[in-house]
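Asker: First, the structure itself, so that you have it in front of you.
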Amino acid sequence: MRLAFAAALVALTALGTGCGTEGLPTEGNATRGKQVFTSAEGQCAACHVLADAGSKGKVGPSLDDAFAGAREEGFKESTIAATVLDQIYYPTEGSGMPAKLVEGEDAEAVAAYVADVAGDPEAIKAAAAKKPTGKGGKADGKSIFASAGCATCHTLAAAGSKGNIGPNLDEARPSVDKAIKRVTQGKGAMPAFKGQLTDAEIRAVAEFVSRSARK
Ligand code: HEC
Ligand code: HEC
């Protein structure tokens with residue numbers, strides 16, 4: 001992670017000499033950024049862990065882990081944001097991160113947001129204390145669907161989600177058993193959630209999907 005960060009910094013320094021510092025994202029609207037992070041356009045939440053966003057994607061590296069070191073060493077937020085922006089536009093080819101999921105202001109906003117919260121010990125502590133369950137400690141399938149990143153890859157009307165990396169669940173109408181199997185084991189581009197979600201949470205989200213897709 002350190003190495004990747006250092007390499008990105010070198011790339012940025014090279015970039016910076018060409019166009020001056022004006023192009024670097026020191027502004028960016030972090031509130032908008034959080035929306036972009038979890039949106040169907042940004043899809044960041046589907047692939048990355050980020051405590052502040054409540055996201056648990058496992059396809060890419062944890063962004064908390066990736067930037068905790070830089071934050072601790074006192075790198076400026078604007079520097080971290082520039083690294084994230086660079087990654088959005090120019091991810092390592094063939095690495096599994098699609099280029100330019102978002103561009104322009106949305107890209108700057110999400111970069112500023114990630115720089116603001118990634119590796120923040122407070123956010124990590126708060127997320128660890130907060131179980132992904134509904135009120136009263138009962139696993140709530142709908143909120144798990146949102147926080148586990150399902151929404152970023154799947155369309156499901158009952159969840160208000162429009163992701164299109166995976167099949168449209170309103171059309172697929174999976175049985176509870178099939179949904180439990182997919183969520184537990186993953187398949188193709190879908191990561192396995194075993195270990196990330198408890199068995200009760202997997203059952204709850206599977207029941208939510210199966211029940212609401214059949215309406
Ligand atoms: C389909 C999965 C996927 C999506 C969607 C995705 N990423 Fe990534 N991301 C990856 C992978 C895989 C890597 C590792 C790339 C590599 O090894 O070079 C990565 C790397 C990164 C890194 C570098 C982390 C490091 O260790 O230095 C950042 C920052 C990042 N992504 C931010 C984002 C943001 C912001 C978004 C949303 C706009 C996003 N990603 C969307 C898969 C994804
Ligand atoms: C990174 C994207 C991604 C994420 C995140 C994701 N899925 Fe999937 N999902 C897919 C893909 C792709 C498939 C198709 C797998 C195949 O059959 O090859 C799939 C398949 C499924 C299926 C089977 C649909 C059918 O009937 O064929 C269900 C059910 C499902 N996902 C539910 C979920 C739930 C619930 C979550 C969250 C806990 C989730 N998915 C998270 C991408 C994703």
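Residue numbers start at 1 in each chain; chains themselves are named A, B, ... in the order of the structure tokens; ligands are numbered from 1 in the order shown.
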Write out as a PyMOL selection string each polymer residue (protein, DNA or RNA) that has an atom no more than 8 Å from ligand 1, with only C-alpha atoms and all ligand atoms counted.
Answerer: chain A and resi 1-2+4-5+8+36-37+41-48+59-63+65-67+83-85+87-88+91-93+95-98+100-102+107+110-111+114
Asker: Considering only C-alpha atoms and all ligand atoms, give me a table of residues in chain A that are at most 9 Å from ligand 2, with the closest atom pair and distance in Å for each, as a tab-separated table.
Answerer:
```
residue	atom	partner	partner_atom_place_in_ligand_line	distance
A:Gln43	CA	ligand 2	1 (C)	8.3
A:Ala45	CA	ligand 2	5 (C)	8.0
A:Ala46	CA	ligand 2	5 (C)	4.5
A:Cys47	CA	ligand 2	1 (C)	5.9
A:Lys56	CA	ligand 2	5 (C)	8.6
A:Gly57	CA	ligand 2	5 (C)	6.3
A:Lys58	CA	ligand 2	1 (C)	8.3
A:Val59	CA	ligand 2	1 (C)	6.9
A:Gly141	CA	ligand 2	35 (C)	8.5
A:Ile144	CA	ligand 2	38 (C)	7.0
A:Phe145	CA	ligand 2	37 (C)	5.4
A:Ala146	CA	ligand 2	37 (C)	7.9
A:Ser147	CA	ligand 2	37 (C)	8.4
A:Ala148	CA	ligand 2	38 (C)	5.4
A:Gly149	CA	ligand 2	5 (C)	4.8
A:Cys150	CA	ligand 2	37 (C)	3.5
A:Ala151	CA	ligand 2	37 (C)	7.1
A:Thr152	CA	ligand 2	5 (C)	6.3
A:Cys153	CA	ligand 2	2 (C)	4.4
A:His154	CA	ligand 2	7 (N)	6.4
A:Gly163	CA	ligand 2	2 (C)	8.4
A:Asn164	CA	ligand 2	42 (C)	8.3
A:Ile165	CA	ligand 2	12 (C)	5.6
A:Gly166	CA	ligand 2	11 (C)	3.6
A:Pro167	CA	ligand 2	13 (C)	5.7
A:Asn168	CA	ligand 2	24 (C)	7.7
A:Leu169	CA	ligand 2	24 (C)	6.2
A:Glu171	CA	ligand 2	26 (O)	8.3
A:Ala172	CA	ligand 2	26 (O)	4.5
A:Arg173	CA	ligand 2	26 (O)	6.0
A:Pro174	CA	ligand 2	26 (O)	4.3
A:Ser175	CA	ligand 2	26 (O)	7.6
A:Val176	CA	ligand 2	29 (C)	7.9
A:Asp177	CA	ligand 2	29 (C)	8.9
A:Lys178	CA	ligand 2	29 (C)	6.3
A:Ala179	CA	ligand 2	29 (C)	3.8
A:Ile180	CA	ligand 2	29 (C)	7.3
A:Lys181	CA	ligand 2	29 (C)	8.1
A:Arg182	CA	ligand 2	22 (C)	5.5
A:Val183	CA	ligand 2	38 (C)	5.5
A:Thr184	CA	ligand 2	38 (C)	8.4
A:Gly186	CA	ligand 2	15 (C)	7.3
A:Lys187	CA	ligand 2	15 (C)	4.8
A:Gly188	CA	ligand 2	18 (O)	4.7
A:Ala189	CA	ligand 2	12 (C)	4.4
A:Met190	CA	ligand 2	42 (C)	3.8
A:Pro191	CA	ligand 2	4 (C)	6.2
A:Ala192	CA	ligand 2	41 (C)	8.3
A:Phe193	CA	ligand 2	38 (C)	6.5
A:Leu197	CA	ligand 2	38 (C)	8.1
A:Glu201	CA	ligand 2	38 (C)	8.9
A:Ile202	CA	ligand 2	38 (C)	7.1
A:Val205	CA	ligand 2	35 (C)	5.6
A:Ala206	CA	ligand 2	35 (C)	5.6
A:Glu207	CA	ligand 2	35 (C)	8.9
A:Phe208	CA	ligand 2	35 (C)	8.2
A:Val209	CA	ligand 2	35 (C)	6.3
A:Ser210	CA	ligand 2	29 (C)	7.4
```
Asker: Compare A:Val117, A:Ala200, A:Ala53, A:Ala112 by their minimum atom-to-atom distance to Gly33 of chain A, counting only C-alpha atoms, and give me the closest one.
Answerer: A:Ala112
Asker: Atom CA of Phe75 of chain A and atom CA of Thr31 of chain A, how far apart in Å?
Answerer: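 Going from atom CA of Thr31 of chain A over to atom CA of Phe75 of chain A, I get 21.6 Å.
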Asker: Using DSSP on the backbone, list every residue of segment 14-111 of chain A that comes out as alpha helix (DSSP H), and give them as number ranges by chain.
Answerer: A: 14-19, 30-38, 44-47, 63-72, 77-89, 104-111
Asker: Using C-alpha atoms, can you export the residues from the last selection as a CSV table (one decimal), in the first residue's frame?
Answerer:
```csv
chain,number,residue,atom,x,y,z
A,14,ALA,CA,5.4,14.7,-12.8
A,15,LEU,CA,1.8,15.7,-13.7
A,16,GLY,CA,2.1,18.8,-11.5
A,17,THR,CA,5.1,20.2,-13.3
A,18,GLY,CA,3.1,20.3,-16.5
A,19,CYS,CA,-0.1,22.1,-15.3
A,30,ALA,CA,-17.2,16.2,0.6
A,31,THR,CA,-20.9,15.8,1.2
A,32,ARG,CA,-21.5,15.3,-2.5
A,33,GLY,CA,-18.5,13.0,-2.4
A,34,LYS,CA,-20.0,10.6,0.0
A,35,GLN,CA,-23.1,10.4,-2.2
A,36,VAL,CA,-20.9,9.6,-5.2
A,37,PHE,CA,-19.0,7.0,-3.3
A,38,THR,CA,-22.1,4.9,-2.6
A,44,CYS,CA,-16.7,2.7,-5.1
A,45,ALA,CA,-18.6,1.2,-2.1
A,46,ALA,CA,-19.1,-2.1,-4.0
A,47,CYS,CA,-15.3,-2.7,-4.2
A,63,LEU,CA,-9.2,2.6,1.5
A,64,ASP,CA,-8.9,3.0,5.3
A,65,ASP,CA,-5.8,0.7,5.2
A,66,ALA,CA,-4.5,2.4,2.1
A,67,PHE,CA,-4.4,5.9,3.5
A,68,ALA,CA,-4.0,5.4,7.3
A,69,GLY,CA,-0.3,5.5,7.0
A,70,ALA,CA,-0.2,8.7,4.9
A,71,ARG,CA,-2.7,10.3,7.3
A,72,GLU,CA,-0.5,9.4,10.3
A,77,GLU,CA,-5.5,16.0,2.6
A,78,SER,CA,-5.1,17.8,-0.8
A,79,THR,CA,-2.2,15.4,-1.5
A,80,ILE,CA,-4.2,12.3,-0.7
A,81,ALA,CA,-7.1,13.7,-2.7
A,82,ALA,CA,-4.9,14.1,-5.7
A,83,THR,CA,-3.7,10.5,-5.3
A,84,VAL,CA,-7.3,9.3,-5.3
A,85,LEU,CA,-8.2,11.4,-8.3
A,86,ASP,CA,-5.3,10.1,-10.2
A,87,GLN,CA,-6.5,6.5,-9.4
A,88,ILE,CA,-10.0,7.3,-10.6
A,89,TYR,CA,-8.7,8.6,-14.0
A,104,GLY,CA,-15.1,16.3,-13.4
A,105,GLU,CA,-16.7,17.7,-10.2
A,106,ASP,CA,-18.0,14.4,-9.1
A,107,ALA,CA,-14.6,12.8,-9.3
A,108,GLU,CA,-13.1,15.8,-7.4
A,109,ALA,CA,-15.8,15.5,-4.7
A,110,VAL,CA,-15.4,11.8,-4.1
A,111,ALA,CA,-11.6,12.3,-4.0
```
Asker: Neighbouring residues of Ala127 of chain A were defined as those with any atom within 10 Å, considering only C-alpha atoms; residues of the same chain fewer than 5 positions away were excluded. Please report them as JSON, numbers by chain.
Answerer: {"A": [50, 51, 52, 53, 54, 55, 121, 122, 132]}
Asker: How would the residues just picked look written out with C-alpha atoms as a PDB file, in the first residue's frame?
Answerer:
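Written output follows (again.pdb):
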```pdb
ATOM      1  CA  LEU A  50     -14.345   2.660   3.867  1.00  0.00           C
ATOM      2  CA  ALA A  51     -15.523   2.908   7.467  1.00  0.00           C
ATOM      3  CA  ASP A  52     -17.111   6.348   7.196  1.00  0.00           C
ATOM      4  CA  ALA A  53     -19.246   5.243   4.246  1.00  0.00           C
ATOM      5  CA  GLY A  54     -20.135   1.941   5.946  1.00  0.00           C
ATOM      6  CA  SER A  55     -18.929   0.104   2.842  1.00  0.00           C
ATOM      7  CA  PRO A 121      -9.341   6.337  13.541  1.00  0.00           C
ATOM      8  CA  GLU A 122     -12.576   7.923  14.808  1.00  0.00           C
ATOM      9  CA  PRO A 132     -24.963  -3.687  10.480  1.00  0.00           C
TER      10      PRO A 132
END
```
Asker: Record the distance separating atom CA of Ala129 of chain A and atom CA of Ala115 of chain A, expressed in Å with one decimal.
Answerer: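 Atom CA of Ala129 of chain A sits 22.2 Å away from atom CA of Ala115 of chain A.
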